[in-house]
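Beneath this line is the structure, given in structure tokens, with notes to follow.
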Amino acid sequence: MLTHITLDKLKELKLLCMAKGLEEQMQMPEIHELDFYERLGLIVDREMVGRQNRRLKTRLRHAKLRQPACLEDIDYRQPRGLDKFLLASQALCQWLTGHRNIFIVGPTGVGKTYLACALAQKACREGYTVLYRRLPRLLMEIAIARGDGSYHKLMENLAKTDILVIDDWGMAELTGEQKKTLWSLWRIATDSAPP
């Protein structure tokens with residue numbers, strides 16, 4: 001009886017993974033071999049992992065990555081000139097902590113977008129916020145924001161994002177206004193980065 005009250009309280013406190021862990025422990029006869037602190041530790045670990053997974057899901061959903069790419073799934077057997085050692089070093093995300101940019105260049109169809117999405121996905125797993133945009137769409141969003149008065153808010157949101165993945169550069173010639181916009185975005189991002 002007391003356990004059901006505790007379960008209800010855990011759910012009311014939105015400690016759903018802890019509640020699920022306690023329910024599972026109640027179904028395991030061998031769990032009584034563990035002492036109270038070990039059982040509590042298992043339940044707390046369950047809640048922590050659940051919260052980390054929800055935050056990761058949220059970061060990935062907000063990133064709007066074009067492809068569900070993963071660095072661990074890259075096929076190095078294809079002759080694309082990928083440097084396995086270089087990508088392994090990028091997977092450590094030191095480029096993020098050093099506030100560095102990555103430019104991925106190469107001919108059409110070699111997997112630049114996949115690679116960018118894989119690096120962005122890894123950054124999400126490391127706790128960074130990411131936003132993926134194709135350059136034409138980003139420029140359109142910025143132009144619309146200028147027109148409807150939400151330009152400063154959009155630029156602030158872009159500056160708060162840890163990683164901005166801009167894809168499809170060079171598909172069309174940029175206008176002078178578009179070049180100024182990108183320069184403004186670059187300045188905002190570099191000014192907001194800690195030294």
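Quick note on naming: the chains in the structure tokens go A, B, ... in the order shown, residues restart at 1 in each chain, and ligands are numbered from 1 in order of appearance.
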*Please give the complete set of residues from chain A that DSSP, run on the backbone, assigns to helix (DSSP H, G or I), formatted as a PyMOL selection string.*
chain A and resi 2-12+16-26+29-33+36-63+71-73+84-90+94-97+112-125+135-148+151-160+176-192
Taking a cut-off of 9 Å and counting only C-alpha atoms, can you build a table that, for each residue of range 123-154 of chain A near range 171-181 of chain A, reports the nearest atom pair and how far apart they are in Å (one decimal), sorted by chain then residue number, as a tab-separated table?
```
residue	atom	partner	partner_atom	distance
A:Leu135	CA	A:Met171	CA	8.8
A:Pro136	CA	A:Met171	CA	8.5
A:Leu139	CA	A:Gln178	CA	6.8
A:Ile142	CA	A:Thr181	CA	8.0
A:Ala143	CA	A:Gln178	CA	8.9
```
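In the backbone-derived DSSP annotation, strand (DSSP E) within range 37-161 of chain A comprises Val130, Leu131, Tyr132, Arg133 and Arg134 of chain A.
With distances restricted to only C-alpha atoms, A:Gln52 is the closest residue to Cys17 in chain A from A:Thr3, A:Thr58, A:Gln121, A:Gln52.
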*Using only C-alpha atoms: which of A:Ala63, A:Met155, A:Met48, A:Ile43 has the shortest distance to Leu131 in chain A*: A:Ala63
